[in-house]
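File shown here: work_13.cif, holding mmCIF, C-alpha atoms and all ligand atoms.
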data_my_file
#
loop_
_atom_site.label_atom_id
_atom_site.label_comp_id
_atom_site.auth_asym_id
_atom_site.auth_seq_id
_atom_site.Cartn_x
_atom_site.Cartn_y
_atom_site.Cartn_z
CA MET A 1 0.00 0.00 0.00
CA GLU A 2 2.84 2.40 0.80
CA ASN A 3 4.48 1.53 -2.47
CA TYR A 4 3.31 4.62 -4.35
CA HIS A 5 4.38 5.30 -7.84
CA ASP A 6 3.63 8.51 -9.73
CA TYR A 7 2.21 8.18 -13.23
CA MET A 8 -0.47 9.51 -15.53
CA VAL A 9 -2.85 7.98 -18.01
CA ARG A 10 -4.68 9.32 -21.01
CA ALA A 11 -7.94 7.99 -22.38
CA MET A 12 -10.71 8.52 -24.91
CA ALA A 13 -14.38 7.91 -24.22
CA ALA A 14 -17.79 8.03 -25.92
CA ASP A 15 -16.42 7.22 -29.39
CA LYS A 16 -13.58 9.75 -29.07
CA GLN A 17 -15.95 12.59 -28.19
CA ILE A 18 -14.22 12.92 -24.82
CA ARG A 19 -10.50 12.95 -24.12
CA ALA A 20 -9.27 12.55 -20.58
CA PHE A 21 -6.13 12.61 -18.47
CA ALA A 22 -5.55 11.54 -14.87
CA ILE A 23 -2.55 11.49 -12.58
CA THR A 24 -1.31 10.33 -9.22
CA SER A 25 1.55 12.55 -8.02
CA LYS A 26 2.09 11.96 -4.30
CA ASP A 27 5.84 11.29 -4.51
CA LEU A 28 6.72 14.30 -6.64
CA VAL A 29 4.57 16.63 -4.52
CA GLU A 30 6.28 15.29 -1.41
CA TYR A 31 9.65 15.85 -3.10
CA ALA A 32 8.72 19.46 -3.97
CA LYS A 33 7.53 20.01 -0.39
CA ASN A 34 10.88 18.80 0.97
CA ILE A 35 13.23 20.71 -1.35
CA HIS A 36 11.30 23.99 -1.04
CA SER A 37 10.33 23.60 2.67
CA LEU A 38 6.71 24.27 1.74
CA SER A 39 4.01 25.09 4.29
CA HIS A 40 0.85 22.95 4.22
CA LEU A 41 -0.88 25.64 2.15
CA ALA A 42 2.02 25.98 -0.29
CA THR A 43 2.23 22.17 -0.62
CA ALA A 44 -1.45 22.03 -1.61
CA ALA A 45 -1.15 24.93 -4.07
CA LEU A 46 2.08 23.86 -5.76
CA GLY A 47 1.02 20.20 -5.68
CA ARG A 48 -2.19 20.98 -7.54
CA LEU A 49 -0.34 23.01 -10.16
CA LEU A 50 2.44 20.41 -10.61
CA SER A 51 -0.24 17.76 -11.21
CA ALA A 52 -2.13 19.95 -13.69
CA GLY A 53 1.08 21.02 -15.45
CA LEU A 54 2.02 17.40 -16.13
CA MET A 55 -1.37 16.62 -17.68
CA MET A 56 -1.24 19.83 -19.74
CA GLY A 57 2.30 18.91 -20.80
CA ASP A 58 0.92 15.59 -22.02
CA MET A 59 -1.20 17.60 -24.51
CA LEU A 60 1.92 19.10 -26.16
CA LYS A 61 2.68 17.96 -29.67
CA SER A 62 6.43 17.33 -29.51
CA LYS A 63 9.02 16.08 -27.04
CA ASP A 64 10.93 19.38 -27.36
CA ASP A 65 7.94 21.56 -26.39
CA LEU A 66 7.62 23.09 -22.92
CA LEU A 67 4.59 24.28 -21.04
CA THR A 68 4.72 26.92 -18.29
CA VAL A 69 1.76 27.83 -16.08
CA GLN A 70 1.97 30.69 -13.64
CA PHE A 71 -0.42 32.11 -11.08
CA MET A 72 0.32 35.69 -10.00
CA GLY A 73 -1.93 36.74 -7.13
CA ASP A 74 -2.20 39.27 -4.34
CA GLY A 75 -2.55 36.54 -1.66
CA PRO A 76 0.27 35.43 0.66
CA LEU A 77 1.54 32.72 -1.74
CA LYS A 78 2.17 35.48 -4.32
CA HIS A 79 3.58 33.72 -7.35
CA ILE A 80 3.43 30.03 -8.31
CA LEU A 81 5.20 28.79 -11.40
CA VAL A 82 5.34 25.32 -12.94
CA THR A 83 7.08 24.11 -16.10
CA ALA A 84 6.37 20.70 -17.62
CA ASP A 85 7.45 18.91 -20.75
CA PHE A 86 5.94 16.18 -22.90
CA ASN A 87 8.09 13.49 -21.28
CA GLY A 88 6.54 13.55 -17.81
CA ASN A 89 9.06 15.93 -16.21
CA VAL A 90 7.87 18.84 -14.11
CA LYS A 91 9.44 21.50 -11.90
CA GLY A 92 8.04 24.46 -10.02
CA TYR A 93 8.20 26.82 -7.09
CA VAL A 94 6.15 29.12 -4.87
CA SER A 95 7.65 32.58 -4.28
CA ASN A 96 6.53 32.56 -0.64
CA PRO A 97 6.87 28.89 0.43
CA ALA A 98 6.20 29.61 4.12
CA ALA A 99 2.80 31.28 3.52
CA ASP A 100 0.02 29.77 5.61
CA LEU A 101 -3.61 30.59 6.39
CA PRO A 102 -6.28 29.19 8.73
CA LEU A 103 -8.23 26.23 7.27
CA ARG A 104 -11.52 26.93 5.52
CA GLU A 105 -14.75 26.15 7.34
CA ASP A 106 -14.97 22.81 5.52
CA GLY A 107 -11.53 21.84 6.85
CA HIS A 108 -9.71 22.28 3.52
CA LEU A 109 -6.56 24.31 2.97
CA ASP A 110 -7.55 27.75 1.65
CA VAL A 111 -5.63 27.79 -1.65
CA GLY A 112 -8.08 30.31 -3.17
CA LYS A 113 -7.31 32.91 -0.52
CA GLY A 114 -3.63 31.93 -0.57
CA ILE A 115 -3.42 32.96 -4.22
CA GLY A 116 -5.99 35.77 -4.09
CA ASN A 117 -6.86 37.95 -7.07
CA GLY A 118 -4.61 38.18 -10.06
CA ASN A 119 -3.78 36.47 -13.33
CA LEU A 120 -3.12 33.06 -14.78
CA THR A 121 -0.70 32.79 -17.69
CA VAL A 122 -0.06 29.72 -19.83
CA ILE A 123 2.99 29.73 -22.10
CA ARG A 124 3.79 27.05 -24.64
CA ASP A 125 7.35 27.04 -25.91
CA PHE A 126 7.62 25.26 -29.23
CA HIS A 127 10.97 24.11 -30.44
CA MET A 128 12.18 26.54 -33.19
CA LYS A 129 8.90 28.49 -33.24
CA GLU A 130 7.49 31.58 -31.51
CA PRO A 131 6.10 30.75 -28.06
CA TYR A 132 2.35 31.01 -27.50
CA SER A 133 1.20 32.87 -24.39
CA SER A 134 -2.24 33.62 -22.99
CA THR A 135 -3.29 35.40 -19.78
CA ILE A 136 -6.69 35.49 -18.09
CA PRO A 137 -7.86 37.00 -14.79
CA LEU A 138 -8.16 34.49 -11.94
CA HIS A 139 -11.63 33.16 -11.25
CA SER A 140 -11.26 31.65 -7.76
CA GLY A 141 -7.56 31.03 -7.21
CA GLU A 142 -8.41 27.39 -6.48
CA ILE A 143 -6.31 26.38 -9.52
CA ALA A 144 -8.61 23.66 -10.96
CA ASP A 145 -11.44 26.20 -11.49
CA ASP A 146 -9.06 28.70 -12.99
CA LEU A 147 -7.67 26.17 -15.46
CA THR A 148 -11.24 25.16 -16.41
CA TYR A 149 -11.93 28.84 -17.23
CA TYR A 150 -8.63 29.15 -19.04
CA TYR A 151 -9.55 26.35 -21.45
CA ALA A 152 -13.03 27.78 -22.02
CA GLN A 153 -11.86 31.37 -22.56
CA SER A 154 -8.48 31.06 -24.23
CA GLU A 155 -8.81 27.82 -26.15
CA GLN A 156 -12.59 27.42 -26.52
CA ILE A 157 -12.33 23.82 -25.31
CA PRO A 158 -15.06 22.79 -22.85
CA THR A 159 -12.97 21.29 -20.06
CA SER A 160 -13.35 20.11 -16.51
CA VAL A 161 -10.31 20.03 -14.24
CA GLY A 162 -10.24 18.29 -10.85
CA LEU A 163 -7.16 18.51 -8.62
CA GLY A 164 -6.40 17.52 -5.04
CA VAL A 165 -3.57 17.34 -2.54
CA LEU A 166 -4.17 15.91 0.92
CA VAL A 167 -1.59 17.06 3.46
CA ASN A 168 -1.18 15.11 6.72
CA PRO A 169 -1.03 17.01 10.03
CA ASP A 170 2.77 16.46 10.08
CA GLY A 171 3.09 18.10 6.65
CA SER A 172 3.74 14.91 4.70
CA VAL A 173 1.61 14.27 1.61
CA SER A 174 -1.12 11.65 1.97
CA CYS A 175 -2.15 11.69 -1.69
CA ALA A 176 -2.10 14.01 -4.70
CA GLY A 177 -3.36 13.97 -8.25
CA GLY A 178 -6.18 14.98 -10.52
CA PHE A 179 -7.95 14.68 -13.84
CA ILE A 180 -8.73 16.74 -16.92
CA VAL A 181 -11.63 15.86 -19.24
CA GLN A 182 -12.24 17.71 -22.51
CA LEU A 183 -15.00 17.64 -25.07
CA MET A 184 -14.15 17.45 -28.73
CA PRO A 185 -15.94 19.90 -31.07
CA PHE A 186 -18.32 17.26 -32.47
CA THR A 187 -19.59 16.02 -29.09
CA LYS A 188 -23.31 15.14 -29.01
CA GLN A 189 -25.58 16.92 -26.52
CA GLU A 190 -26.51 13.68 -24.76
CA VAL A 191 -22.81 13.03 -24.03
CA ILE A 192 -22.38 16.58 -22.71
CA ASP A 193 -25.43 16.17 -20.45
CA LYS A 194 -24.33 12.81 -19.12
CA LEU A 195 -20.78 14.00 -18.40
CA SER A 196 -22.15 17.06 -16.68
CA ASP A 197 -24.38 14.85 -14.49
CA ASN A 198 -21.34 12.72 -13.64
CA LEU A 199 -19.25 15.76 -12.71
CA ASN A 200 -21.99 17.05 -10.41
CA ASP A 201 -22.00 13.78 -8.52
CA ILE A 202 -18.41 12.65 -7.96
CA PRO A 203 -16.30 12.44 -4.83
CA THR A 204 -13.31 14.79 -4.59
CA VAL A 205 -9.98 13.73 -6.08
CA THR A 206 -8.43 13.19 -2.66
CA GLU A 207 -11.43 11.16 -1.46
CA VAL A 208 -10.75 8.77 -4.33
CA LEU A 209 -6.94 8.69 -4.20
CA LYS A 210 -6.64 8.38 -0.42
CA GLU A 211 -8.34 4.99 -0.68
CA GLY A 212 -5.37 3.79 -2.71
CA LYS A 213 -7.24 4.08 -6.02
CA THR A 214 -5.39 4.70 -9.28
CA PRO A 215 -5.67 7.34 -12.05
CA GLU A 216 -7.55 4.70 -14.06
CA ASP A 217 -10.05 4.34 -11.21
CA LEU A 218 -10.43 8.12 -11.07
CA LEU A 219 -11.35 8.28 -14.77
CA LYS A 220 -13.71 5.33 -14.39
CA ILE A 221 -15.57 7.35 -11.76
CA VAL A 222 -15.58 10.61 -13.76
CA LEU A 223 -16.57 8.82 -16.98
CA ARG A 224 -18.87 6.17 -15.54
CA GLY A 225 -21.43 4.93 -18.01
CA PHE A 226 -19.15 5.70 -20.99
CA ASP A 227 -16.95 3.23 -22.84
CA ILE A 228 -13.37 4.18 -21.90
CA GLU A 229 -10.31 3.36 -23.95
CA PHE A 230 -7.01 3.92 -22.15
CA THR A 231 -4.54 5.09 -24.79
CA GLY A 232 -1.33 5.73 -22.88
CA THR A 233 0.56 5.64 -19.59
CA LYS A 234 3.53 7.78 -18.64
CA ASP A 235 5.80 7.86 -15.59
CA VAL A 236 6.09 11.34 -14.12
CA CYS A 237 8.64 12.98 -11.84
CA PHE A 238 10.00 16.26 -10.50
CA HIS A 239 13.05 16.95 -12.63
CA CYS A 240 14.86 20.26 -13.01
CA GLY A 241 17.82 19.67 -15.28
CA CYS A 242 19.51 22.96 -14.34
CA GLU A 243 22.98 21.33 -14.26
CA GLU A 244 23.10 21.68 -18.03
CA ARG A 245 22.04 25.33 -17.97
CA LYS A 246 23.57 26.56 -14.73
CA ASP A 247 24.88 29.82 -16.25
CA ASN A 248 21.25 30.86 -16.84
CA ILE A 249 20.60 30.81 -13.09
CA ILE A 250 22.96 33.72 -12.50
CA ALA A 251 22.46 35.34 -15.93
CA THR A 252 18.83 36.17 -15.06
CA VAL A 253 20.00 38.92 -12.66
CA GLY A 254 21.06 40.94 -15.73
CA LYS A 255 24.22 42.62 -16.94
CA GLU A 256 24.14 45.52 -14.45
CA GLU A 257 23.91 43.26 -11.41
CA LEU A 258 26.62 40.98 -12.82
CA ASN A 259 28.89 44.03 -13.16
CA GLU A 260 28.23 44.86 -9.50
CA MET A 261 29.17 41.30 -8.50
CA ILE A 262 32.34 41.43 -10.61
CA LYS A 263 33.27 44.73 -8.93
CA GLU A 264 32.86 43.06 -5.53
CA GLY A 265 35.52 40.60 -6.69
CA LYS A 266 34.11 37.64 -4.71
CA GLU A 267 32.80 34.21 -5.52
CA VAL A 268 28.98 34.23 -5.64
CA GLU A 269 26.77 31.39 -4.41
CA THR A 270 23.20 31.18 -5.62
CA SER A 271 20.55 28.51 -5.86
CA CYS A 272 18.18 27.35 -8.57
CA ALA A 273 14.65 28.68 -7.95
CA PHE A 274 13.13 25.42 -9.20
CA CYS A 275 15.14 22.81 -7.29
CA GLU A 276 17.19 24.77 -4.69
CA LYS A 277 20.42 23.22 -5.94
CA LYS A 278 23.33 25.51 -5.00
CA TYR A 279 25.90 26.75 -7.50
CA LYS A 280 29.10 28.73 -7.02
CA PHE A 281 30.36 31.19 -9.62
CA SER A 282 33.93 32.49 -9.55
CA VAL A 283 34.69 36.04 -10.70
CA GLU A 284 36.02 34.52 -13.95
CA ASP A 285 32.68 32.71 -14.42
CA LEU A 286 30.80 35.97 -13.83
CA ILE A 287 32.91 37.82 -16.42
CA ARG A 288 32.41 35.04 -18.95
CA ILE A 289 28.64 34.97 -18.36
CA ARG A 290 28.40 38.79 -18.54
CA ASP A 291 30.32 38.85 -21.81
CA SER A 292 27.98 36.22 -23.26
CA LEU A 293 24.92 38.44 -22.63
CA LYS A 294 23.61 40.76 -25.29
CA ASP A 295 23.09 44.44 -24.40
ZN ZN A 301 17.31 23.42 -10.72
#
Would you put the structure from the file into structure tokens?
Ligand code: ZN
Amino acid sequence: MENYHDYMVRAMAADKQIRAFAITSKDLVEYAKNIHSLSHLATAALGRLLSAGLMMGDMLKSKDDLLTVQFMGDGPLKHILVTADFNGNVKGYVSNPAADLPLREDGHLDVGKGIGNGNLTVIRDFHMKEPYSSTIPLHSGEIADDLTYYYAQSEQIPTSVGLGVLVNPDGSVSCAGGFIVQLMPFTKQEVIDKLSDNLNDIPTVTEVLKEGKTPEDLLKIVLRGFDIEFTGTKDVCFHCGCEERKDNIIATVGKEELNEMIKEGKEVETSCAFCEKKYKFSVEDLIRIRDSLKD
């Protein structure tokens, strides 16, 4: 039972009128919690977005494409950013990892208030092509709702997103995951009505996953009454990969700041925002990196 394993599945249902994704992500959310020292609230917020990012990454067309989702709000969590690829790798951070709030009346962590009012931006980076970016105002800050609105507004795809992270009293992650279901343009009204009835009458994601159920089980609940064809399975993990691009970590401060550091004449230590890995840069490194930057 304790032998968890993070993965996601994709499926089609109702004669390909519905496409669906589901994920279990306990291990990678726990990993993110540990490297970033996340509060309970930040664990729930980042865990939901990591789970969603992986499923959204699974919709990319090519293995070189990247998907970035960011929530910028006026709540205590401030800024949450997640980047996923097509291969099941995800990374992300919360700008205020210690932020916490009292539980909601229903006993849930108050992610909506933690994020507050603001914007949601989705960026798709295509290999060798201009990136695509779209921003919408936040609807509730609860992440799943906001992504549902994003798909309706920005992509005109009727979508339902369900996400959940259950945090134990000691801060460890009990379960995490979610689902995304989308209607294809030719979907018949009876399918839309039936799916809508299903969605109005399902347990929460964490209620399902905490019983040890799988992403397949989750989709069988969401899509009950439909014929479901599972079309793929993918292992997922938190992976940063900054070792190969470590100069970028310090280059983001800009030329002016690099000049200040060079003037100081001291080795600089900094850490990767995504994975907290520490890097040291000698003055020679700083000069080389500065000289590689365009004005
Ligand atoms: Zn990193």
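If you count all atoms listed in the file and ignore residues fewer than 6 places along the chain from Ala22 in chain A, what sits within 8 Å of it is A:Met8, A:Val9, A:Arg10, A:Met55, A:Gly177, A:Gly178, A:Phe179, A:Ile180, A:Pro215, A:Glu216, A:Leu218, A:Leu219.
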For the residues in the current selection, export C-alpha atoms as a PDB file, keeping the file's coordinate frame.
ATOM      1  CA  MET A   8      -0.470   9.510 -15.530  1.00  0.00           C
ATOM      2  CA  VAL A   9      -2.850   7.980 -18.010  1.00  0.00           C
ATOM      3  CA  ARG A  10      -4.680   9.320 -21.010  1.00  0.00           C
ATOM      4  CA  MET A  55      -1.370  16.620 -17.680  1.00  0.00           C
ATOM      5  CA  GLY A 177      -3.360  13.970  -8.250  1.00  0.00           C
ATOM      6  CA  GLY A 178      -6.180  14.980 -10.520  1.00  0.00           C
ATOM      7  CA  PHE A 179      -7.950  14.680 -13.840  1.00  0.00           C
ATOM      8  CA  ILE A 180      -8.730  16.740 -16.920  1.00  0.00           C
ATOM      9  CA  PRO A 215      -5.670   7.340 -12.050  1.00  0.00           C
ATOM     10  CA  GLU A 216      -7.550   4.700 -14.060  1.00  0.00           C
ATOM     11  CA  LEU A 218     -10.430   8.120 -11.070  1.00  0.00           C
ATOM     12  CA  LEU A 219     -11.350   8.280 -14.770  1.00  0.00           C
TER      13      LEU A 219
END
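Using all atoms listed in the file, the smallest distance between any of A:Thr24, A:Ser154, A:Thr83, A:Asn119 and Phe274 in chain A comes from A:Thr83.
Among A:His36, A:His5, A:His127, A:Lys266, the residue with the shortest atom-to-atom distance to ligand ZN 301 (chain A), counting only C-alpha atoms and all ligand atoms, is A:His36.
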Check the smallest atom-to-atom distance from each of A:Lys91, A:Arg104, A:Lys220, A:Arg124 to ligand ZN 301 (chain A) using all atoms listed in the file, then report the winner.
A:Lys91
Compile the contact shell of Pro158 in chain A as a list in words: residues with an atom at most 7 Å away, counting only C-alpha atoms, same-chain residues fewer than 2 positions apart removed.
Tyr151, Ala152, Gln156, Gln182 and Leu183 of chain A
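Of the listed residues (A:Asp247, A:Glu256, A:Gly141, A:Met261), A:Asp247 comes nearest to Arg288 in chain A; the distances count all atoms listed in the file.
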With distances taken over all atoms listed in the file, which residue among A:Gln189, A:Asn248, A:Ser160, A:Ser282 lies nearest ligand ZN 301 (chain A)?
A:Asn248
For ligand ZN 301 (chain A), collect every residue having any atom at a distance of at most 12 Å from a ligand atom (counting only C-alpha atoms and all ligand atoms); output as a short mmCIF file (atom, residue, chain, number, x, y, z; two decimals) with C-alpha atoms, in the frame of the given file.
data_model
loop_
_atom_site.label_atom_id
_atom_site.label_comp_id
_atom_site.auth_asym_id
_atom_site.auth_seq_id
_atom_site.Cartn_x
_atom_site.Cartn_y
_atom_site.Cartn_z
CA ALA A 32 8.72 19.46 -3.97
CA ILE A 35 13.23 20.71 -1.35
CA HIS A 36 11.30 23.99 -1.04
CA THR A 83 7.08 24.11 -16.10
CA VAL A 90 7.87 18.84 -14.11
CA LYS A 91 9.44 21.50 -11.90
CA GLY A 92 8.04 24.46 -10.02
CA TYR A 93 8.20 26.82 -7.09
CA PHE A 238 10.00 16.26 -10.50
CA HIS A 239 13.05 16.95 -12.63
CA CYS A 240 14.86 20.26 -13.01
CA GLY A 241 17.82 19.67 -15.28
CA CYS A 242 19.51 22.96 -14.34
CA GLU A 243 22.98 21.33 -14.26
CA GLU A 244 23.10 21.68 -18.03
CA ARG A 245 22.04 25.33 -17.97
CA LYS A 246 23.57 26.56 -14.73
CA ASP A 247 24.88 29.82 -16.25
CA ASN A 248 21.25 30.86 -16.84
CA ILE A 249 20.60 30.81 -13.09
CA ILE A 250 22.96 33.72 -12.50
CA THR A 270 23.20 31.18 -5.62
CA SER A 271 20.55 28.51 -5.86
CA CYS A 272 18.18 27.35 -8.57
CA ALA A 273 14.65 28.68 -7.95
CA PHE A 274 13.13 25.42 -9.20
CA CYS A 275 15.14 22.81 -7.29
CA GLU A 276 17.19 24.77 -4.69
CA LYS A 277 20.42 23.22 -5.94
CA LYS A 278 23.33 25.51 -5.00
CA TYR A 279 25.90 26.75 -7.50
#
Using only C-alpha atoms, find the one residue out of A:Ser174, A:Thr187, A:Asn87, A:Thr231 that sits nearest to Glu211 in chain A.
A:Ser174
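CA of Leu66 in chain A sits 27.9 Å away from CA of Glu269 in chain A.
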All residues 9 Å or closer to range 72-78 of chain A, all atoms listed in the file, same chain fewer than 5 positions away omitted, as a PyMOL selection string:
chain A and resi 41-42+45+94-101+111-121+138+141
Do a neighbour search on Val29 in chain A at 9 Å with all atoms listed in the file, toss out local chain neighbours closer than 4 positions, and write the hits as a ChimeraX atom specification.
/A:25,33-34,43-44,46-48,50-51,165,173,175-176,238
Preceding selection exported with C-alpha atoms as a PDB file, in the frame of the given file:
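Everything below was put into out.pdb:
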ATOM      1  CA  SER A  25       1.550  12.550  -8.020  1.00  0.00           C
ATOM      2  CA  LYS A  33       7.530  20.010  -0.390  1.00  0.00           C
ATOM      3  CA  ASN A  34      10.880  18.800   0.970  1.00  0.00           C
ATOM      4  CA  THR A  43       2.230  22.170  -0.620  1.00  0.00           C
ATOM      5  CA  ALA A  44      -1.450  22.030  -1.610  1.00  0.00           C
ATOM      6  CA  LEU A  46       2.080  23.860  -5.760  1.00  0.00           C
ATOM      7  CA  GLY A  47       1.020  20.200  -5.680  1.00  0.00           C
ATOM      8  CA  ARG A  48      -2.190  20.980  -7.540  1.00  0.00           C
ATOM      9  CA  LEU A  50       2.440  20.410 -10.610  1.00  0.00           C
ATOM     10  CA  SER A  51      -0.240  17.760 -11.210  1.00  0.00           C
ATOM     11  CA  VAL A 165      -3.570  17.340  -2.540  1.00  0.00           C
ATOM     12  CA  VAL A 173       1.610  14.270   1.610  1.00  0.00           C
ATOM     13  CA  CYS A 175      -2.150  11.690  -1.690  1.00  0.00           C
ATOM     14  CA  ALA A 176      -2.100  14.010  -4.700  1.00  0.00           C
ATOM     15  CA  PHE A 238      10.000  16.260 -10.500  1.00  0.00           C
TER      16      PHE A 238
END
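Taking CA of Phe281 in chain A and CA of Gly265 in chain A as endpoints, the distance between them is 11.1 Å.
From CA of Asp217 in chain A back to CA of Arg19 in chain A, the distance works out to 15.5 Å.
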Identify, on the basis of all atoms listed in the file, every residue whose closest approach to Asp64 in chain A does not exceed 9 Å; exclude the query and any residue fewer than 3 positions from it along the same chain; express the result as a ChimeraX atom specification.
/A:61,85-87,125-127
Here's a test: counting only C-alpha atoms, identify every protein, DNA and RNA residue with an atom at most 12 Å from (-17.8, 13.7, -25.8) in the file's coordinate frame, and state them as number ranges by chain.
A: 11-20, 157-159, 181-196, 223, 226-228
